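Participant: This is the structure, below, for whatever I ask next.
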Amino acid sequence: MRPSCIVKVGDYLQFKQLIKLILNNIFQNKGRTFLTTLGVIVGTATIFLVVAIGKGAESQVNEQYAQLNVGTIIVSAAQRGPAADPLTEEDATRFLESSNIDYAFPMLRGGGDINYENFSYQGSYSAIYPEFQTVNHLTVYEGRELVEEDETEHNRYAVLGYELANTLTDGNPAEIVGKNVTISRRKFEVIGVYERIGDSSSPMGYDDAALIPYSAAQRYLMGTRTNPTILAQAKDIDSVQSAIQDIQYILDETHRAGGSDQFRIMDAGSSLAAAQESARTLSLLLLSVAVVVLIVSGIGIMNVMFVTVKERTKEIGLLRAIGAKKNEVLSQFLIEAVLISLMGGIVGVIMGFCAMPLLDYFDLPYKASVNGVLLGVTFSTVTGVFFGFYPAWKASGLDPIEALRHE
Amino acid sequence: MIMTNTTKCTIETRNIDKIYQNGGEDLKVLDNINLKVYEGSFIAILGPSGSGKSTLMNILGCLDVPSRGEYYLDGINVLDANDNELAQIRNQNIGFVFQQFNLLPKMNAIQNVMLPLLYRGISEAECSQKAVDALNRLGLGDRLRHRPQQLSGGQQQRVAIARAIITNPNLVLADEPTGNLDSKSSQEVMKIFHELNRKGHTIVVITHDQEVAEEIGEIIYIRDGKLYEN
C-alpha cells in the first residue's frame with residue numbers, strides 16, 4: 001500500500017506558530033542577537049546615509065546649475081592672470097553675427113570686501129550687462145534691477161544677492177536699498193536686492209554677490225585692461241554645438257596670434273552633465289563601501305547561525321523525530337536569519353536618521369530619501385536570506401539519528 | 001513471532017538487514033529481522049550494547065531505513081515513503097520516549113508537550129489545551145509552566161511521555177526510558193506505560209536492563225543483530 005493513501009502530507013506548522021518559535025529563540029539569546037545585528041545595523045545605516053549624501057551632492061549640483069540655462073556657453077581665457085590677447089566687448093558683438101547665438105555679452109568677476117555701515121563681508125562682485133539678468137532668470141526682491149541706461153551712464157549702482165544683503169543688514173535685506181555700500185573701497189549705491197536663488201553654497205552663486213554695471217566696473221574698479229569672460233546664449237539646446245564652432249571660428253579670425261586655443265569654451269549643459277556624473281560616481285563609491293560592510297556583517301550572521309545550528313543540533317534531531325519536515329527546519333533557521341537582519345536593517349535606518357545632525361555638523365549636504373530607506377532595508381534582508389540559507393540548509397539536512405545523539 | 005489475541009499488526013518487518021560499510025568491509029548490524037508486534041501489546045526488546053538494538057529502534061521509529069527487507073507500520077509500507085511522508089508518519093503513528101528525555105530546555109512543560117501537534121498545523125489554543133490535559137493525566141498538573149531544569153528526572157520523563165502520547169499514536173517507542181532514573185521514578189514510569197498499554201497503545205521498550213524487561217513480561221532478545229524469543 002502506498003503510504004500516501006494513509007499519510008496526508010500537507011499539514012505544516014502554522015506560519016504564526018513558526019514565527020512565534022523563532023522569536024522565542026531570538027529573544028532567548030538577546031546578547032548574541034544584538035551582537036549579530038550590530039554589523040547589519042552599521043551596514044544599513046551606512047547605506048542609508050550614503051544614499052542621503054549622494055542625493056545631497058546631486059541636488060547641490062542641480063541647484064548650482066539651476067540658474068544656468070543649458071544653452072549658456074562660457075568663453076574665458078584658458079589661463080589665469082593678465083592675458084596678452086584678452087577677450088573684448090567687440091568679440092561679444094561679433095559672436096552675435098552667428099545665427100546660432102541669441103545673446104552674447106562680456107562679464108567680469110572680482111573679489112573684495114563689501115562694507116555696509118559696520119558690517120563687512122568678504123564677497124565677490126560681477127560686472128554685467130543687463131541682459132545677464134534675463135539669461136540667468138534673476139528677478140528683484142526689492143528695488144529695481146540694472147537697466148541699459150545704467151550701462152551707458154556708467155552708473156555706480158549695485159544690485160545685491162539676497163544672502164549678501166541679508167548678511168550686511170543683519171536680517172533685514174530690504175532696508176539696504178537706497179543706501180551706499182563700498183566694494184573694494186569704492187562707493188556704490190544699492191538700487192535693488194535680488195530674490196533668493198538658493199545657490200549660496202555654490203562658488204559661482206549670485207546669492208552672495210553684488211552685481212554692478214560693466215562700464216562702471218571698468219571705470220571705477222578694474223580699468224580697461226581686463227580679461228573678461230563672455231557669456232553667450234545659444235538659440236536652443238540643439239544649436240549649442242554649432243554655436244561653439246561659430247565662436248571658435250570667430251576667435252581664430254580675430255585673435256590671430258593664438259587663435260581659439262588660448263580660450264576655454266565651456267557649455268553649461270556638458271559641465272552640468274560632468275558634475276552630475278562625478279556626484280553619481282561619488283555615490284556609487286560610497287555605496288560600494290556600504291555593500292562591503294553588509295557583506296562582512298552577512299558573514300557574521302552566517303557564523304552565528306552555524307554556531308546556533310551546532311548548539312541546537314539535538315533540538316533539530318528531536319524536532320525531526322516528532323515529525324518536523326526538512327523544509328520546516330529550513331524555514332525556521334532561514335527566517336530566523338532574515339528576521340535578525342531585518343531588525344538590524346530597521347534599527348540601522350533609525351540610527352541613520354539619528355546620525356543626520358552629525359552630517360550637519362560637518363557641513364555635508366544630504367537628503368534623506370525613501371529610496372535610501374528601501375535600499376538599506378532590502379539589502380539587509382537580502383543579506384539575511386543569502387547568508388542564512390547555507391546554515392539553514394545544513395540544519396535541515398542533518399541526519400536525525402546523528403542529531404539526537406549529539407551532545 | 002509474538003502472538004496475541006488481536007490480529008492486527010502494528011509492526012511487521014520482513015527479513016530486514018542493516019549493513020554498514022566500514023572501511024570497505026561490510027558490517028551486518030541487523031540480520032534477517034522478522035518481527036510482528038500486534039496492536040495493543042507491550043513488549044521489551046532486550047539486548048546488550050552493540051547488539052543492534054539502537055539500529056532496530058531507529059528503523060522501527062522511521063528515523064533510518066534498512067538495507068534490505070520490508071517494514072509495515074500500521075499497515076503502511078514505510079520503505080515506500082519519501083522524507084516528508086516519513087516525517088508525517090513519525091508525527092502521527094509514533095510517540096518517542098528517550099533515555100535523555102530530550103525536552104527543549106527553553107520551553108516549559110506545556111510548550112514541550114504541544115510541539116508535535118504544532119508541527120501538525122493545529123492552532124496554539126487547541127494544542128495547549130491538549131497538552132494541559134495530557135500533563136494532568138500524568139500527574140503534572142502543578143508543573144505546567146515549569147521548565148525542564150526545574151523538574152526532577154522522573155517528572156521530566158513524564159513530560160516526555162505526555163509529548164509522546166499527545167498525538168494519540170498507535171505505537172510508543174521507548175529507548176531505555178528508565179536509564180537515567182532512580183528506582184522509584186523508574187517504577188512510576190513503568191506504571192504509566194502499563195496504563196497507556198491498557199488504554200490501547202502498543203508499547204515497545206528497548207532496554208539492556210533485565211529487570212525492566214522482566215517487569216514488562218514479553219521479551220524479545222537481540223544479540224549480534226539477530227532476534228531470539230528466548
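Identifiers in the C-alpha cells: chain A, B, ... in order shown; residue index from 1 per chain; ligand index from 1 in order shown.
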Report as number ranges by chain all protein, DNA and RNA residues lying within 9 Å of A:Asp261, evaluated on only C-alpha atoms, omitting residues in the same chain fewer than 6 positions from it.

Facilitator: A: 78, 248, 251-252

Participant: For stretch 45-48 of chain B, find every residue with an atom within 7 Å (counting only C-alpha atoms), except residues of its own chain fewer than 3 positions away, and show them as number ranges by chain.

Facilitator: B: 51, 53, 205-208, 213, 219-223

Participant: Within 8 Å of chain A, which residues of chain B show up? Give each one with its shortest atom-to-atom distance in Å (one decimal) and the two atoms involved, counting only C-alpha atoms, rows by chain then rising residue number, as JSON lines.

Facilitator:
```
{"residue": "B:Asn58", "atom": "CA", "partner": "A:Ile401", "partner_atom": "CA", "distance": 7.4}
{"residue": "B:Leu63", "atom": "CA", "partner": "A:Ile401", "partner_atom": "CA", "distance": 6.6}
{"residue": "B:Asp64", "atom": "CA", "partner": "A:Ile401", "partner_atom": "CA", "distance": 7.6}
{"residue": "B:Gly75", "atom": "CA", "partner": "A:Met1", "partner_atom": "CA", "distance": 7.7}
{"residue": "B:Ile76", "atom": "CA", "partner": "A:Pro3", "partner_atom": "CA", "distance": 5.4}
{"residue": "B:Asn77", "atom": "CA", "partner": "A:Met1", "partner_atom": "CA", "distance": 6.0}
{"residue": "B:Val78", "atom": "CA", "partner": "A:Pro3", "partner_atom": "CA", "distance": 6.8}
{"residue": "B:Asp80", "atom": "CA", "partner": "A:Arg2", "partner_atom": "CA", "distance": 6.6}
{"residue": "B:Ala81", "atom": "CA", "partner": "A:Pro3", "partner_atom": "CA", "distance": 6.0}
{"residue": "B:Asp83", "atom": "CA", "partner": "A:Lys325", "partner_atom": "CA", "distance": 7.6}
{"residue": "B:Asn84", "atom": "CA", "partner": "A:Lys325", "partner_atom": "CA", "distance": 5.7}
{"residue": "B:Glu85", "atom": "CA", "partner": "A:Val9", "partner_atom": "CA", "distance": 6.1}
{"residue": "B:Leu86", "atom": "CA", "partner": "A:Gly323", "partner_atom": "CA", "distance": 7.9}
{"residue": "B:Ala87", "atom": "CA", "partner": "A:Gly323", "partner_atom": "CA", "distance": 4.4}
{"residue": "B:Gln88", "atom": "CA", "partner": "A:Gly323", "partner_atom": "CA", "distance": 5.6}
{"residue": "B:Ile89", "atom": "CA", "partner": "A:Val7", "partner_atom": "CA", "distance": 6.7}
{"residue": "B:Arg90", "atom": "CA", "partner": "A:Gly323", "partner_atom": "CA", "distance": 5.2}
{"residue": "B:Asn91", "atom": "CA", "partner": "A:Gly323", "partner_atom": "CA", "distance": 4.2}
{"residue": "B:Gln92", "atom": "CA", "partner": "A:Gly323", "partner_atom": "CA", "distance": 7.8}
{"residue": "B:Gly95", "atom": "CA", "partner": "A:Ile322", "partner_atom": "CA", "distance": 7.4}
{"residue": "B:Phe96", "atom": "CA", "partner": "A:Ile322", "partner_atom": "CA", "distance": 7.4}
{"residue": "B:Asn102", "atom": "CA", "partner": "A:Leu318", "partner_atom": "CA", "distance": 6.8}
{"residue": "B:Leu104", "atom": "CA", "partner": "A:Glu315", "partner_atom": "CA", "distance": 6.6}
{"residue": "B:Lys106", "atom": "CA", "partner": "A:Gln28", "partner_atom": "CA", "distance": 7.7}
{"residue": "B:Leu115", "atom": "CA", "partner": "A:Ile322", "partner_atom": "CA", "distance": 8.0}
{"residue": "B:Pro116", "atom": "CA", "partner": "A:Ile322", "partner_atom": "CA", "distance": 5.6}
{"residue": "B:Leu118", "atom": "CA", "partner": "A:Leu13", "partner_atom": "CA", "distance": 5.7}
{"residue": "B:Tyr119", "atom": "CA", "partner": "A:Leu13", "partner_atom": "CA", "distance": 4.4}
{"residue": "B:Arg120", "atom": "CA", "partner": "A:Asp11", "partner_atom": "CA", "distance": 5.1}
{"residue": "B:Gly121", "atom": "CA", "partner": "A:Leu13", "partner_atom": "CA", "distance": 4.3}
{"residue": "B:Ile122", "atom": "CA", "partner": "A:Gln14", "partner_atom": "CA", "distance": 7.3}
{"residue": "B:Ser123", "atom": "CA", "partner": "A:Gln14", "partner_atom": "CA", "distance": 7.5}
{"residue": "B:Glu124", "atom": "CA", "partner": "A:Gln17", "partner_atom": "CA", "distance": 7.3}
```

Participant: Residues as selected, C-alpha atoms, written as a short mmCIF file (atom, residue, chain, number, x, y, z; two decimals), in the first residue's frame, can you do that?

Facilitator:
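What ended up in part38.cif:
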```cif
data_model
loop_
_atom_site.label_atom_id
_atom_site.label_comp_id
_atom_site.auth_asym_id
_atom_site.auth_seq_id
_atom_site.Cartn_x
_atom_site.Cartn_y
_atom_site.Cartn_z
CA ASN B 58 15.78 3.74 14.65
CA LEU B 63 14.38 7.51 11.51
CA ASP B 64 16.50 5.08 9.50
CA GLY B 75 -0.18 -1.38 7.53
CA ILE B 76 1.81 1.36 5.83
CA ASN B 77 4.73 0.30 3.68
CA VAL B 78 7.24 2.61 5.28
CA ASP B 80 7.92 3.47 0.04
CA ALA B 81 7.61 6.78 1.86
CA ASP B 83 11.26 12.11 3.54
CA ASN B 84 8.19 14.30 4.08
CA GLU B 85 5.93 11.30 4.36
CA LEU B 86 8.28 9.72 6.89
CA ALA B 87 8.14 12.89 8.95
CA GLN B 88 4.37 12.72 8.81
CA ILE B 89 4.40 9.05 9.85
CA ARG B 90 6.65 9.86 12.81
CA ASN B 91 4.29 12.62 13.78
CA GLN B 92 1.08 10.64 13.54
CA GLY B 95 5.48 8.53 20.01
CA PHE B 96 9.12 8.57 21.08
CA ASN B 102 15.17 15.34 25.04
CA LEU B 104 13.73 21.60 24.90
CA LYS B 106 13.94 26.88 26.98
CA LEU B 115 5.25 20.61 19.90
CA PRO B 116 4.20 17.51 17.89
CA LEU B 118 2.06 22.33 16.43
CA TYR B 119 4.00 20.66 13.64
CA ARG B 120 0.74 19.18 12.51
CA GLY B 121 -0.58 22.67 11.85
CA ILE B 122 -3.04 22.79 14.75
CA SER B 123 -3.76 26.12 16.41
CA GLU B 124 -1.89 27.01 19.55
#
```

Participant: Assign secondary structure with DSSP using the backbone only, and return the residues of stretch 10-194 of chain B in alpha helix (DSSP H) as a VMD selection string.

Facilitator: chain B and resid 53 to 60 83 to 93 109 to 118 124 to 137 153 to 165 183 to 194

Participant: Considering only C-alpha atoms, return as a ChimeraX atom specification whatever protein or nucleic-acid residues lie within 9 Å of A:Pro365, sequence-local ones (same chain, fewer than 4 positions apart) excluded.

Facilitator: /A:52-57,59-60,359-360

Participant: What does the distance between atom CA of A:Ser124 and atom CA of A:Ala210 come to in Å, to one decimal place?

Facilitator: 6.6 Å

Participant: Find the spatial neighbours of B:Ala131, counting only C-alpha atoms, within a cut-off of 9 Å - ignore same-chain residues fewer than 4 positions away - and output them as JSON, numbers by chain.

Facilitator: {"B": [109, 110, 111, 112, 113, 114, 126, 127, 135, 136, 144, 162, 163, 166]}

Participant: Please dump the current selection as a short mmCIF file (atom, residue, chain, number, x, y, z; two decimals), in the first residue's frame; keep N, CA and C atoms.

Facilitator:
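Once everything was written out, this is part_35.cif:
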```cif
data_model
loop_
_atom_site.label_atom_id
_atom_site.label_comp_id
_atom_site.auth_asym_id
_atom_site.auth_seq_id
_atom_site.Cartn_x
_atom_site.Cartn_y
_atom_site.Cartn_z
N ALA B 109 6.75 23.01 30.34
CA ALA B 109 6.18 21.68 30.11
C ALA B 109 5.11 21.71 29.02
N ILE B 110 4.20 22.68 29.10
CA ILE B 110 3.12 22.75 28.10
C ILE B 110 3.71 22.89 26.70
N GLN B 111 4.66 23.84 26.56
CA GLN B 111 5.24 24.10 25.24
C GLN B 111 5.94 22.87 24.68
N ASN B 112 6.62 22.14 25.56
CA ASN B 112 7.31 20.94 25.11
C ASN B 112 6.30 19.89 24.63
N VAL B 113 5.24 19.73 25.42
CA VAL B 113 4.28 18.66 25.12
C VAL B 113 3.51 18.95 23.83
N MET B 114 3.23 20.24 23.59
CA MET B 114 2.39 20.54 22.44
C MET B 114 3.13 20.57 21.10
N GLU B 126 -5.66 25.09 20.77
CA GLU B 126 -6.08 23.68 20.83
C GLU B 126 -4.92 22.80 21.32
N CYS B 127 -3.71 23.07 20.79
CA CYS B 127 -2.54 22.30 21.20
C CYS B 127 -2.33 22.42 22.69
N LEU B 135 -0.76 16.45 30.47
CA LEU B 135 0.07 16.62 31.66
C LEU B 135 -0.73 16.32 32.92
N ASN B 136 -2.01 16.72 32.93
CA ASN B 136 -2.87 16.42 34.08
C ASN B 136 -3.00 14.92 34.27
N LEU B 144 2.84 22.68 35.14
CA LEU B 144 2.57 23.02 33.74
C LEU B 144 3.57 24.01 33.16
N ALA B 162 4.16 12.48 28.03
CA ALA B 162 2.99 13.26 27.62
C ALA B 162 3.16 13.75 26.18
N ARG B 163 4.39 14.18 25.82
CA ARG B 163 4.66 14.62 24.46
C ARG B 163 4.51 13.46 23.46
N ILE B 166 0.61 12.71 23.00
CA ILE B 166 -0.37 13.78 22.74
C ILE B 166 -0.99 13.65 21.35
#
```

Participant: Could you pull the residues within 7 Å of stretch 97-114 of chain A, counting only C-alpha atoms, minus those fewer than 2 positions along the same chain, as a VMD selection string?

Facilitator: chain A and resid 89 92 to 95 116 120 to 129 181 to 184 214 228 to 235 239 242 to 243 246

Participant: Extract the full set of strand (DSSP E) residues from stretch 211-391 of chain A according to DSSP on the backbone, and format it as a list in words.

Facilitator: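 These are the residues in question: Leu211, Ile212, Pro213, Thr229, Ile230, Leu231, Ala232, Gln233, Ala234, Phe263, Arg264, Ile265, Met266 and Asp267 of chain A.
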
Participant: Using only C-alpha atoms, which protein or nucleic acid residues come within 10 Å of A:Ala395? Drop anything in the same chain fewer than 4 positions from it, and give the result as a list in words.

Facilitator: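 After dropping sequence-adjacent residues, the list is Met305, Phe306, Thr308, Val309, Lys310, Arg312, Thr313, Ile316, Gly317, Lys326, Asn327, Val329, Leu330, Gln332, Phe333, Leu334, Phe389, Tyr390, Pro391, Asp399 and Ala403 of chain A.
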